[in-house]
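Reproduced below: target_1.cif, with mmCIF, C-alpha atoms (C1' of nucleotides).
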```cif
data_model
loop_
_atom_site.group_PDB
_atom_site.id
_atom_site.type_symbol
_atom_site.label_atom_id
_atom_site.label_comp_id
_atom_site.auth_asym_id
_atom_site.auth_seq_id
_atom_site.Cartn_x
_atom_site.Cartn_y
_atom_site.Cartn_z
ATOM 1 C CA MET A 1 -21.286 -42.024 -1.470
ATOM 2 C CA VAL A 2 -20.194 -38.600 -2.455
ATOM 3 C CA THR A 3 -16.701 -38.135 -3.726
ATOM 4 C CA ILE A 4 -15.467 -34.581 -3.852
ATOM 5 C CA ARG A 5 -12.562 -35.147 -6.174
ATOM 6 C CA ASN A 6 -10.921 -31.830 -6.806
ATOM 7 C CA GLU A 7 -14.093 -29.830 -7.204
ATOM 8 C CA ASN A 8 -13.866 -30.019 -11.002
ATOM 9 C CA ALA A 9 -10.442 -28.512 -11.186
ATOM 10 C CA ARG A 10 -10.617 -26.225 -14.216
ATOM 11 C CA THR A 11 -14.094 -26.979 -15.449
ATOM 12 C CA ARG A 12 -15.796 -24.446 -13.217
ATOM 13 C CA SER A 13 -13.798 -21.449 -14.290
ATOM 14 C CA GLN A 14 -13.255 -18.555 -11.916
ATOM 15 C CA ASP A 15 -16.276 -16.255 -12.010
ATOM 16 C CA PHE A 16 -14.264 -13.074 -11.811
ATOM 17 C CA VAL A 17 -10.807 -11.848 -10.926
ATOM 18 C CA LEU A 18 -9.816 -8.498 -9.483
ATOM 19 C CA ARG A 19 -6.768 -7.819 -11.587
ATOM 20 C CA GLU A 20 -3.946 -5.437 -10.911
ATOM 21 C CA ASN A 21 -5.481 -2.440 -12.604
ATOM 22 C CA CYS A 22 -9.154 -2.901 -11.993
ATOM 23 C CA PRO A 23 -11.048 0.190 -10.816
ATOM 24 C CA GLN A 24 -11.609 -1.425 -7.455
ATOM 25 C CA ARG A 25 -7.900 -1.512 -6.802
ATOM 26 C CA ARG A 26 -7.214 1.894 -8.190
ATOM 27 C CA ILE A 27 -9.824 3.744 -6.211
ATOM 28 C CA HIS A 28 -8.214 2.299 -3.133
ATOM 29 C CA TYR A 29 -5.568 4.939 -3.505
ATOM 30 C CA ILE A 30 -8.112 7.587 -2.580
ATOM 31 C CA LEU A 31 -9.518 5.633 0.307
ATOM 32 C CA SER A 32 -6.269 4.471 1.803
ATOM 33 C CA GLY A 33 -4.892 7.891 2.580
ATOM 34 C CA LYS A 34 -5.407 8.678 6.215
ATOM 35 C CA TRP A 35 -6.946 12.074 5.540
ATOM 36 C CA THR A 36 -8.052 12.025 1.936
ATOM 37 C CA SER A 37 -11.653 10.974 2.299
ATOM 38 C CA MET A 38 -12.217 13.182 5.300
ATOM 39 C CA VAL A 39 -10.860 16.207 3.519
ATOM 40 C CA LEU A 40 -13.262 15.557 0.686
ATOM 41 C CA TYR A 41 -16.069 15.056 3.126
ATOM 42 C CA ALA A 42 -15.245 18.268 4.928
ATOM 43 C CA LEU A 43 -15.210 20.183 1.671
ATOM 44 C CA SER A 44 -18.577 18.735 0.764
ATOM 45 C CA HIS A 45 -19.957 21.109 3.344
ATOM 46 C CA GLY A 46 -18.683 24.061 1.417
ATOM 47 C CA THR A 47 -15.569 25.985 0.456
ATOM 48 C CA MET A 48 -12.977 26.188 3.169
ATOM 49 C CA ARG A 49 -9.673 27.868 3.841
ATOM 50 C CA THR A 50 -6.604 25.950 4.899
ATOM 51 C CA GLY A 51 -6.793 26.864 8.554
ATOM 52 C CA GLN A 52 -10.450 26.020 8.597
ATOM 53 C CA LEU A 53 -9.744 22.557 7.299
ATOM 54 C CA GLU A 54 -7.030 22.169 9.860
ATOM 55 C CA ARG A 55 -9.477 22.900 12.630
ATOM 56 C CA THR A 56 -12.088 20.608 11.186
ATOM 57 C CA LEU A 57 -9.691 17.676 11.243
ATOM 58 C CA PRO A 58 -8.105 17.710 14.690
ATOM 59 C CA GLY A 59 -4.753 15.997 14.706
ATOM 60 C CA VAL A 60 -3.817 16.590 11.115
ATOM 61 C CA SER A 61 -0.407 18.103 10.547
ATOM 62 C CA LYS A 62 0.211 20.927 8.117
ATOM 63 C CA LYS A 63 2.373 18.642 6.089
ATOM 64 C CA MET A 64 -0.194 15.910 5.638
ATOM 65 C CA LEU A 65 -2.986 18.357 5.038
ATOM 66 C CA THR A 66 -1.067 20.070 2.287
ATOM 67 C CA GLN A 67 0.018 16.800 0.756
ATOM 68 C CA THR A 68 -3.516 15.469 0.790
ATOM 69 C CA LEU A 69 -4.849 18.636 -0.756
ATOM 70 C CA ARG A 70 -2.261 18.480 -3.518
ATOM 71 C CA GLU A 71 -3.272 14.937 -4.303
ATOM 72 C CA VAL A 72 -6.982 15.532 -4.519
ATOM 73 C CA GLU A 73 -6.264 18.644 -6.509
ATOM 74 C CA ALA A 74 -4.105 16.739 -8.975
ATOM 75 C CA SER A 75 -6.800 14.140 -9.362
ATOM 76 C CA GLY A 76 -9.348 16.768 -10.226
ATOM 77 C CA LEU A 77 -11.514 16.278 -7.195
ATOM 78 C CA VAL A 78 -10.694 19.575 -5.551
ATOM 79 C CA LYS A 79 -10.193 23.111 -6.797
ATOM 80 C CA ARG A 80 -7.635 25.457 -5.281
ATOM 81 C CA LYS A 81 -8.148 29.178 -5.410
ATOM 82 C CA VAL A 82 -5.354 31.521 -4.390
ATOM 83 C CA PHE A 83 -6.026 35.141 -3.440
ATOM 84 C CA ASP A 84 -3.071 37.384 -4.030
ATOM 85 C CA VAL A 85 -3.218 39.192 -0.731
ATOM 86 C CA VAL A 86 -1.198 39.432 2.409
ATOM 87 C CA PRO A 87 -1.513 37.559 4.598
ATOM 88 C CA PRO A 88 -2.054 34.743 2.125
ATOM 89 C CA LYS A 89 -5.504 33.373 1.577
ATOM 90 C CA VAL A 90 -6.320 30.105 -0.153
ATOM 91 C CA GLU A 91 -9.668 28.489 -0.618
ATOM 92 C CA TYR A 92 -10.417 24.879 -1.386
ATOM 93 C CA SER A 93 -13.623 23.509 -2.803
ATOM 94 C CA LEU A 94 -14.913 20.431 -4.540
ATOM 95 C CA THR A 95 -14.956 20.297 -8.304
ATOM 96 C CA ALA A 96 -17.948 18.939 -10.173
ATOM 97 C CA LEU A 97 -16.210 15.587 -10.238
ATOM 98 C CA GLY A 98 -15.535 15.843 -6.539
ATOM 99 C CA GLU A 99 -19.214 16.431 -5.907
ATOM 100 C CA THR A 100 -20.038 13.182 -7.628
ATOM 101 C CA PHE A 101 -17.537 11.316 -5.525
ATOM 102 C CA ILE A 102 -19.082 12.598 -2.334
ATOM 103 C CA GLU A 103 -22.296 10.714 -2.887
ATOM 104 C CA PRO A 104 -20.964 7.173 -2.522
ATOM 105 C CA LEU A 105 -18.621 8.379 0.184
ATOM 106 C CA ARG A 106 -21.520 9.789 2.122
ATOM 107 C CA ALA A 107 -23.306 6.457 1.812
ATOM 108 C CA LEU A 108 -20.307 4.784 3.379
ATOM 109 C CA TYR A 109 -20.211 7.274 6.219
ATOM 110 C CA THR A 110 -23.910 6.843 6.819
ATOM 111 C CA TRP A 111 -23.304 3.144 7.156
ATOM 112 C CA ALA A 112 -20.552 3.864 9.645
ATOM 113 C CA GLU A 113 -22.868 5.994 11.752
ATOM 114 C CA ASN A 114 -25.514 3.285 11.771
ATOM 115 C CA ASN A 115 -23.100 0.506 12.679
ATOM 116 C CA ALA A 116 -20.962 1.809 15.461
ATOM 117 C CA ALA A 117 -21.161 -1.619 17.037
ATOM 118 C CA ALA A 118 -19.183 -3.239 14.261
ATOM 119 C CA LEU A 119 -16.662 -0.445 14.477
ATOM 120 C CA ASP A 120 -16.252 -1.136 18.161
ATOM 121 C CA GLU A 121 -15.328 -4.708 17.340
ATOM 122 C CA LEU A 122 -12.805 -3.419 14.879
ATOM 123 C CA ASP A 123 -11.225 -1.231 17.497
ATOM 124 C CA ARG A 124 -11.001 -4.070 19.953
ATOM 125 C CA ASN A 125 -9.459 -6.264 17.308
ATOM 126 C CA GLN A 126 -7.071 -3.488 16.445
ATOM 127 C CA ALA A 127 -5.998 -3.163 20.051
ATOM 128 C CA GLN A 128 -5.241 -6.836 20.534
ATOM 129 C CA ASN A 129 -3.490 -7.661 17.320
ATOM 130 C CA GLN A 130 -0.684 -5.670 15.876
ATOM 131 C CA ARG A 131 -2.321 -3.594 13.208
ATOM 132 C CA MET B 132 -20.517 48.451 3.244
ATOM 133 C CA VAL B 133 -19.321 45.016 4.054
ATOM 134 C CA THR B 134 -16.508 44.641 6.510
ATOM 135 C CA ILE B 135 -14.864 41.268 6.730
ATOM 136 C CA ARG B 136 -13.078 41.804 10.010
ATOM 137 C CA ASN B 137 -11.679 38.479 11.072
ATOM 138 C CA GLU B 138 -14.580 36.507 9.751
ATOM 139 C CA ASN B 139 -16.213 36.897 13.167
ATOM 140 C CA ALA B 140 -13.559 35.017 15.002
ATOM 141 C CA ARG B 141 -15.563 32.902 17.419
ATOM 142 C CA THR B 142 -19.029 34.137 16.655
ATOM 143 C CA ARG B 143 -19.505 31.969 13.614
ATOM 144 C CA SER B 144 -18.586 28.739 15.319
ATOM 145 C CA GLN B 145 -17.189 25.881 13.349
ATOM 146 C CA ASP B 146 -20.031 24.107 11.614
ATOM 147 C CA PHE B 147 -18.684 20.673 12.328
ATOM 148 C CA VAL B 148 -15.526 18.950 13.449
ATOM 149 C CA LEU B 149 -14.406 15.443 12.629
ATOM 150 C CA ARG B 150 -13.153 14.425 16.032
ATOM 151 C CA GLU B 151 -10.840 11.589 16.908
ATOM 152 C CA ASN B 152 -13.521 8.973 17.350
ATOM 153 C CA CYS B 153 -16.116 9.993 14.848
ATOM 154 C CA PRO B 154 -17.521 7.193 12.682
ATOM 155 C CA GLN B 155 -15.877 8.708 9.642
ATOM 156 C CA ARG B 156 -12.461 8.162 11.122
ATOM 157 C CA ARG B 157 -13.212 4.761 12.530
ATOM 158 C CA ILE B 158 -14.547 3.262 9.358
ATOM 159 C CA HIS B 159 -11.299 4.247 7.760
ATOM 160 C CA TYR B 160 -9.790 1.253 9.425
ATOM 161 C CA ILE B 161 -11.762 -1.002 7.120
ATOM 162 C CA LEU B 162 -10.976 0.985 4.035
ATOM 163 C CA SER B 163 -7.297 1.546 4.639
ATOM 164 C CA GLY B 164 -6.297 -2.091 4.559
ATOM 165 C CA LYS B 165 -4.828 -2.942 1.206
ATOM 166 C CA TRP B 166 -7.055 -5.972 0.701
ATOM 167 C CA THR B 167 -9.935 -5.581 3.105
ATOM 168 C CA SER B 168 -12.505 -3.970 0.875
ATOM 169 C CA MET B 169 -11.664 -6.202 -2.058
ATOM 170 C CA VAL B 170 -12.025 -9.322 0.039
ATOM 171 C CA LEU B 171 -15.453 -8.160 1.115
ATOM 172 C CA TYR B 172 -16.324 -7.332 -2.441
ATOM 173 C CA ALA B 173 -15.158 -10.725 -3.642
ATOM 174 C CA LEU B 174 -17.233 -12.461 -1.008
ATOM 175 C CA SER B 175 -20.260 -10.449 -2.025
ATOM 176 C CA HIS B 176 -20.341 -12.695 -5.070
ATOM 177 C CA GLY B 177 -20.825 -15.723 -2.894
ATOM 178 C CA THR B 178 -19.111 -18.076 -0.494
ATOM 179 C CA MET B 179 -15.511 -18.811 -1.325
ATOM 180 C CA ARG B 180 -12.710 -21.032 -0.152
ATOM 181 C CA THR B 181 -9.300 -19.677 0.765
ATOM 182 C CA GLY B 182 -7.587 -20.721 -2.397
ATOM 183 C CA GLN B 183 -10.411 -19.331 -4.441
ATOM 184 C CA LEU B 184 -10.028 -15.937 -2.800
ATOM 185 C CA GLU B 185 -6.330 -16.127 -3.398
ATOM 186 C CA ARG B 186 -6.905 -16.600 -7.105
ATOM 187 C CA THR B 187 -9.484 -13.860 -7.218
ATOM 188 C CA LEU B 188 -7.033 -11.330 -5.813
ATOM 189 C CA PRO B 189 -3.840 -11.781 -7.818
ATOM 190 C CA GLY B 190 -0.828 -10.567 -5.905
ATOM 191 C CA VAL B 191 -2.120 -11.134 -2.414
ATOM 192 C CA SER B 192 0.117 -13.136 -0.127
ATOM 193 C CA LYS B 193 -1.147 -15.909 2.088
ATOM 194 C CA LYS B 194 -0.181 -13.882 5.074
ATOM 195 C CA MET B 195 -2.146 -10.793 4.177
ATOM 196 C CA LEU B 196 -5.120 -12.768 3.011
ATOM 197 C CA THR B 197 -5.331 -14.635 6.284
ATOM 198 C CA GLN B 198 -4.774 -11.507 8.310
ATOM 199 C CA THR B 199 -7.440 -9.636 6.403
ATOM 200 C CA LEU B 200 -9.886 -12.473 6.801
ATOM 201 C CA ARG B 201 -9.252 -12.596 10.536
ATOM 202 C CA GLU B 202 -9.947 -8.907 10.805
ATOM 203 C CA VAL B 203 -13.206 -8.892 8.904
ATOM 204 C CA GLU B 204 -14.204 -11.985 10.811
ATOM 205 C CA ALA B 205 -13.491 -10.333 14.154
ATOM 206 C CA SER B 206 -15.496 -7.318 13.110
ATOM 207 C CA GLY B 207 -18.480 -9.470 12.286
ATOM 208 C CA LEU B 208 -18.495 -8.780 8.576
ATOM 209 C CA VAL B 209 -17.427 -12.251 7.514
ATOM 210 C CA LYS B 210 -18.272 -15.733 8.664
ATOM 211 C CA ARG B 211 -15.728 -18.534 8.695
ATOM 212 C CA LYS B 212 -16.798 -22.128 8.333
ATOM 213 C CA VAL B 213 -14.323 -24.913 8.922
ATOM 214 C CA PHE B 214 -14.922 -28.414 7.582
ATOM 215 C CA ASP B 215 -13.225 -31.083 9.601
ATOM 216 C CA VAL B 216 -11.764 -33.007 6.714
ATOM 217 C CA VAL B 217 -8.399 -33.727 5.272
ATOM 218 C CA PRO B 218 -7.122 -31.938 3.395
ATOM 219 C CA PRO B 219 -8.511 -28.943 5.265
ATOM 220 C CA LYS B 220 -11.402 -27.015 3.822
ATOM 221 C CA VAL B 221 -12.522 -23.574 4.940
ATOM 222 C CA GLU B 222 -15.262 -21.425 3.536
ATOM 223 C CA TYR B 223 -15.745 -17.710 3.959
ATOM 224 C CA SER B 224 -18.939 -15.795 3.423
ATOM 225 C CA LEU B 225 -20.460 -12.459 4.318
ATOM 226 C CA THR B 226 -22.575 -12.145 7.426
ATOM 227 C CA ALA B 227 -25.834 -10.226 7.398
ATOM 228 C CA LEU B 228 -23.891 -7.192 8.561
ATOM 229 C CA GLY B 229 -21.354 -7.722 5.841
ATOM 230 C CA GLU B 230 -24.108 -7.747 3.269
ATOM 231 C CA THR B 231 -25.212 -4.320 4.411
ATOM 232 C CA PHE B 232 -21.696 -2.988 4.138
ATOM 233 C CA ILE B 233 -21.414 -4.162 0.579
ATOM 234 C CA GLU B 234 -24.028 -1.755 -0.653
ATOM 235 C CA PRO B 235 -22.186 1.500 -0.043
ATOM 236 C CA LEU B 236 -18.974 -0.203 -1.071
ATOM 237 C CA ARG B 237 -20.508 -1.216 -4.336
ATOM 238 C CA ALA B 238 -21.617 2.367 -4.897
ATOM 239 C CA LEU B 239 -18.035 3.479 -4.487
ATOM 240 C CA TYR B 240 -16.792 0.871 -6.916
ATOM 241 C CA THR B 241 -19.416 1.842 -9.423
ATOM 242 C CA TRP B 242 -18.151 5.392 -9.210
ATOM 243 C CA ALA B 243 -14.653 4.121 -9.813
ATOM 244 C CA GLU B 244 -15.722 2.282 -12.938
ATOM 245 C CA ASN B 245 -17.437 5.355 -14.287
ATOM 246 C CA ASN B 246 -14.524 7.677 -13.589
ATOM 247 C CA ALA B 247 -11.447 5.920 -14.807
ATOM 248 C CA ALA B 248 -10.193 9.278 -16.022
ATOM 249 C CA ALA B 249 -9.832 10.653 -12.535
ATOM 250 C CA LEU B 250 -8.109 7.469 -11.466
ATOM 251 C CA ASP B 251 -5.612 7.909 -14.272
ATOM 252 C CA GLU B 252 -4.734 11.309 -12.879
ATOM 253 C CA LEU B 253 -4.247 9.730 -9.502
ATOM 254 C CA ASP B 254 -1.856 7.201 -10.921
ATOM 255 C CA ARG B 255 0.159 9.853 -12.657
ATOM 256 C CA ASN B 256 0.278 11.886 -9.492
ATOM 257 C CA GLN B 257 1.279 8.825 -7.569
ATOM 258 C CA ALA B 258 4.129 8.127 -9.939
ATOM 259 C CA GLN B 259 5.576 11.601 -9.762
ATOM 260 C CA ASN B 260 5.367 12.317 -6.094
ATOM 261 C CA GLN B 261 6.556 9.974 -3.452
ATOM 262 C CA ARG B 262 3.436 8.256 -2.262
ATOM 263 C "C1'" DC C 263 -4.907 -27.182 1.622
ATOM 264 C "C1'" DC C 264 -4.744 -23.893 5.226
ATOM 265 C "C1'" DG C 265 -2.483 -21.272 8.505
ATOM 266 C "C1'" DC C 266 1.255 -19.301 11.609
ATOM 267 C "C1'" DA C 267 5.869 -17.261 12.888
ATOM 268 C "C1'" DT C 268 9.688 -14.543 11.754
ATOM 269 C "C1'" DC C 269 12.528 -11.378 9.563
ATOM 270 C "C1'" DC C 270 13.032 -7.180 7.005
ATOM 271 C "C1'" DG C 271 12.622 -3.296 3.661
ATOM 272 C "C1'" DA C 272 9.811 0.444 2.147
ATOM 273 C "C1'" DC C 273 7.029 4.086 2.961
ATOM 274 C "C1'" DA C 274 3.439 6.906 5.080
ATOM 275 C "C1'" DT C 275 2.928 9.773 8.949
ATOM 276 C "C1'" DG C 276 4.259 13.141 12.271
ATOM 277 C "C1'" DA C 277 7.333 16.689 14.876
ATOM 278 C "C1'" DT C 278 9.941 20.471 14.239
ATOM 279 C "C1'" DA C 279 11.767 24.431 12.332
ATOM 280 C "C1'" DC C 280 12.038 27.824 8.623
ATOM 281 C "C1'" DT C 281 10.355 31.007 4.528
ATOM 282 C "C1'" DG C 282 7.338 34.625 2.261
ATOM 283 C "C1'" DC D 283 -1.835 32.452 7.013
ATOM 284 C "C1'" DA D 284 0.019 29.111 3.882
ATOM 285 C "C1'" DG D 285 3.510 26.217 2.631
ATOM 286 C "C1'" DT D 286 8.223 23.746 2.452
ATOM 287 C "C1'" DA D 287 12.192 21.003 4.126
ATOM 288 C "C1'" DT D 288 14.278 17.788 7.016
ATOM 289 C "C1'" DC D 289 14.544 14.138 10.033
ATOM 290 C "C1'" DA D 290 12.762 10.383 13.083
ATOM 291 C "C1'" DT D 291 9.820 6.391 13.488
ATOM 292 C "C1'" DG D 292 6.183 3.230 13.529
ATOM 293 C "C1'" DT D 293 4.136 -0.185 10.920
ATOM 294 C "C1'" DC D 294 2.232 -2.274 6.893
ATOM 295 C "C1'" DG D 295 3.020 -5.566 3.730
ATOM 296 C "C1'" DG D 296 5.756 -9.190 1.379
ATOM 297 C "C1'" DA D 297 9.130 -13.355 1.360
ATOM 298 C "C1'" DT D 298 10.181 -17.364 3.292
ATOM 299 C "C1'" DG D 299 9.920 -21.466 5.881
ATOM 300 C "C1'" DC D 300 7.487 -24.647 9.179
ATOM 301 C "C1'" DG D 301 3.404 -27.314 10.895
ATOM 302 C "C1'" DG D 302 -1.101 -29.777 11.095
#
```
Write-out of the structure in structure tokens:
Amino acid sequence: MVTIRNENARTRSQDFVLRENCPQRRIHYILSGKWTSMVLYALSHGTMRTGQLERTLPGVSKKMLTQTLREVEASGLVKRKVFDVVPPKVEYSLTALGETFIEPLRALYTWAENNAAALDELDRNQAQNQR
Amino acid sequence: MVTIRNENARTRSQDFVLRENCPQRRIHYILSGKWTSMVLYALSHGTMRTGQLERTLPGVSKKMLTQTLREVEASGLVKRKVFDVVPPKVEYSLTALGETFIEPLRALYTWAENNAAALDELDRNQAQNQR
DNA sequence: CCGCATCCGACATGATACTG
DNA sequence: CAGTATCATGTCGGATGCGG
């Protein structure tokens, strides 16, 4: 007769805990932004101007694009180059750090391409429930 | 003599466009959830019960934990096993598909661990600006 | 122990209009 | 072309309480 009895309450200590400031939580800031990762991905294909980015990401508003670019710039992932001409011309490109970030991101996107089925389920789920 | 002239307006067509339903946008649904990726990551260490997950992710509310679990379950990334006992006992674990997703996710987390500096910048940026 | 329903505040996103 | 400012709004996430 097997008695479960509390599963050894404290004896079997928790293997690991994802605390408030663990890297896994902090990187989420990059991933959570609606446009952040895609901007980085777009720039991984080469330097782009603002308007170019805008056309690469249909549906993005100027406001969000600018905001996103400021964030990735502040984090050191993207470099902003301003040409002092008229009309204005600004170029964005990945920094060395940004290049390193692209690799795992690309792996994630590759997974997404190879698993459209799972994504379909997600969409269906999304439609039914609230979020 | 090199003339720039409009960058060849339409001649040099856009290399690529991240359209509304591209995989890169759709996978964002998984990543954007505040707890989704961390739940998956936690489960990559083995089967866990609800309360165990709760303790692994300090700060998560019952509501969000349940909601997140329902989502990853509906998408086929996580398996839910209910034991018909009292008090109730439920175990969550990754499906085969979930296991495959963990790999690129782990790559991303590894990057995060190796680049805490960039994450610090993000935090500072986050504090100053609104988001 | 596990899960659901409800209410509610905060904030990210988007539309629009304006500047240089 | 690039960017800012303002306002409207949807919704995500957390608190709380109930139920099996």
Residue contacts of range 190-201 of chain B (7 Å, all atoms listed in the file) excluding same-chain residues fewer than 3 positions away, as a compact mmCIF listing (two decimals) with C-alpha atoms, in the frame of the given file:
```txt
# COMPACT_ATOMS: atom_id res chain seq x y z
CA TRP B 166 -7.06 -5.97 0.70
CA THR B 167 -9.94 -5.58 3.10
CA GLU B 185 -6.33 -16.13 -3.40
CA GLU B 204 -14.20 -11.98 10.81
CA ALA B 205 -13.49 -10.33 14.15
```
Would you kindly translate the PyMOL selection byres ((chain C) within 10 of (chain A)) into the concrete residues it picks from this file, as a list in words?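 On this input, the PyMOL selection byres ((chain C) within 10 of (chain A)) captures DA274, DT275, DG276, DA277 and DG282 of chain C.
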CA of Leu40 in chain A to C1' of DA284 in chain D, straight-line distance in Å: 19.2 Å
Would you write out, as an NGL selection string, every residue that the PyMOL selection byres ((chain D) within 9 of (chain B)) captures in this file? :D and (294-296)
Selection under test: the PyMOL selection byres ((chain A) within 6 of (chain B)); residues as a count of residues only: 17
Quick one: distance from CA of Val78 in chain A to C1' of DC280 in chain C in Å, one decimal?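 Between CA of Val78 in chain A and C1' of DC280 in chain C the gap works out to 28.0 Å.
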Extract, using all atoms listed in the file, all DNA, RNA and protein residues at most 12 Å from DG301 in chain D, discarding same-chain residues fewer than 5 positions from it, and format them as JSON, numbers by chain. {"C": [264, 265, 266, 267]}
Separation of CA of Arg180 in chain B from CA of Val221 in chain B in Å: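 Result for CA of Val221 in chain B versus CA of Arg180 in chain B: 5.7 Å, one decimal.
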Can you complete the atoms of range 31-42 of chain A to N, CA, C and O atoms and list them as a JSON list (two decimals), keeping the file's coordinate frame?
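Saved file out.json follows:
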```json
[["chain", "number", "residue", "atom", "x", "y", "z"],
["A", 31, "LEU", "N", -8.98, 6.04, -0.99],
["A", 31, "LEU", "CA", -9.52, 5.63, 0.31],
["A", 31, "LEU", "C", -8.44, 5.33, 1.34],
["A", 31, "LEU", "O", -8.68, 5.45, 2.54],
["A", 32, "SER", "N", -7.28, 4.93, 0.87],
["A", 32, "SER", "CA", -6.27, 4.47, 1.80],
["A", 32, "SER", "C", -5.61, 5.62, 2.55],
["A", 32, "SER", "O", -5.17, 5.45, 3.67],
["A", 33, "GLY", "N", -5.52, 6.75, 1.92],
["A", 33, "GLY", "CA", -4.89, 7.89, 2.58],
["A", 33, "GLY", "C", -5.60, 8.21, 3.88],
["A", 33, "GLY", "O", -6.82, 8.19, 3.95],
["A", 34, "LYS", "N", -4.82, 8.48, 4.89],
["A", 34, "LYS", "CA", -5.41, 8.68, 6.22],
["A", 34, "LYS", "C", -6.38, 9.85, 6.26],
["A", 34, "LYS", "O", -7.32, 9.85, 7.04],
["A", 35, "TRP", "N", -6.13, 10.87, 5.45],
["A", 35, "TRP", "CA", -6.95, 12.07, 5.54],
["A", 35, "TRP", "C", -7.77, 12.37, 4.29],
["A", 35, "TRP", "O", -8.67, 13.20, 4.30],
["A", 36, "THR", "N", -7.45, 11.69, 3.22],
["A", 36, "THR", "CA", -8.05, 12.02, 1.94],
["A", 36, "THR", "C", -9.58, 12.09, 1.97],
["A", 36, "THR", "O", -10.17, 13.13, 1.66],
["A", 37, "SER", "N", -10.20, 11.00, 2.36],
["A", 37, "SER", "CA", -11.65, 10.97, 2.30],
["A", 37, "SER", "C", -12.28, 12.00, 3.24],
["A", 37, "SER", "O", -13.29, 12.61, 2.90],
["A", 38, "MET", "N", -11.65, 12.21, 4.37],
["A", 38, "MET", "CA", -12.22, 13.18, 5.30],
["A", 38, "MET", "C", -12.08, 14.61, 4.81],
["A", 38, "MET", "O", -12.94, 15.45, 5.09],
["A", 39, "VAL", "N", -11.01, 14.88, 4.11],
["A", 39, "VAL", "CA", -10.86, 16.21, 3.52],
["A", 39, "VAL", "C", -11.98, 16.43, 2.51],
["A", 39, "VAL", "O", -12.62, 17.49, 2.50],
["A", 40, "LEU", "N", -12.20, 15.44, 1.68],
["A", 40, "LEU", "CA", -13.26, 15.56, 0.69],
["A", 40, "LEU", "C", -14.61, 15.74, 1.37],
["A", 40, "LEU", "O", -15.42, 16.58, 0.97],
["A", 41, "TYR", "N", -14.80, 14.97, 2.40],
["A", 41, "TYR", "CA", -16.07, 15.06, 3.13],
["A", 41, "TYR", "C", -16.24, 16.44, 3.74],
["A", 41, "TYR", "O", -17.32, 17.04, 3.67],
["A", 42, "ALA", "N", -15.19, 16.94, 4.33],
["A", 42, "ALA", "CA", -15.24, 18.27, 4.93],
["A", 42, "ALA", "C", -15.61, 19.31, 3.87],
["A", 42, "ALA", "O", -16.47, 20.16, 4.09]]
```
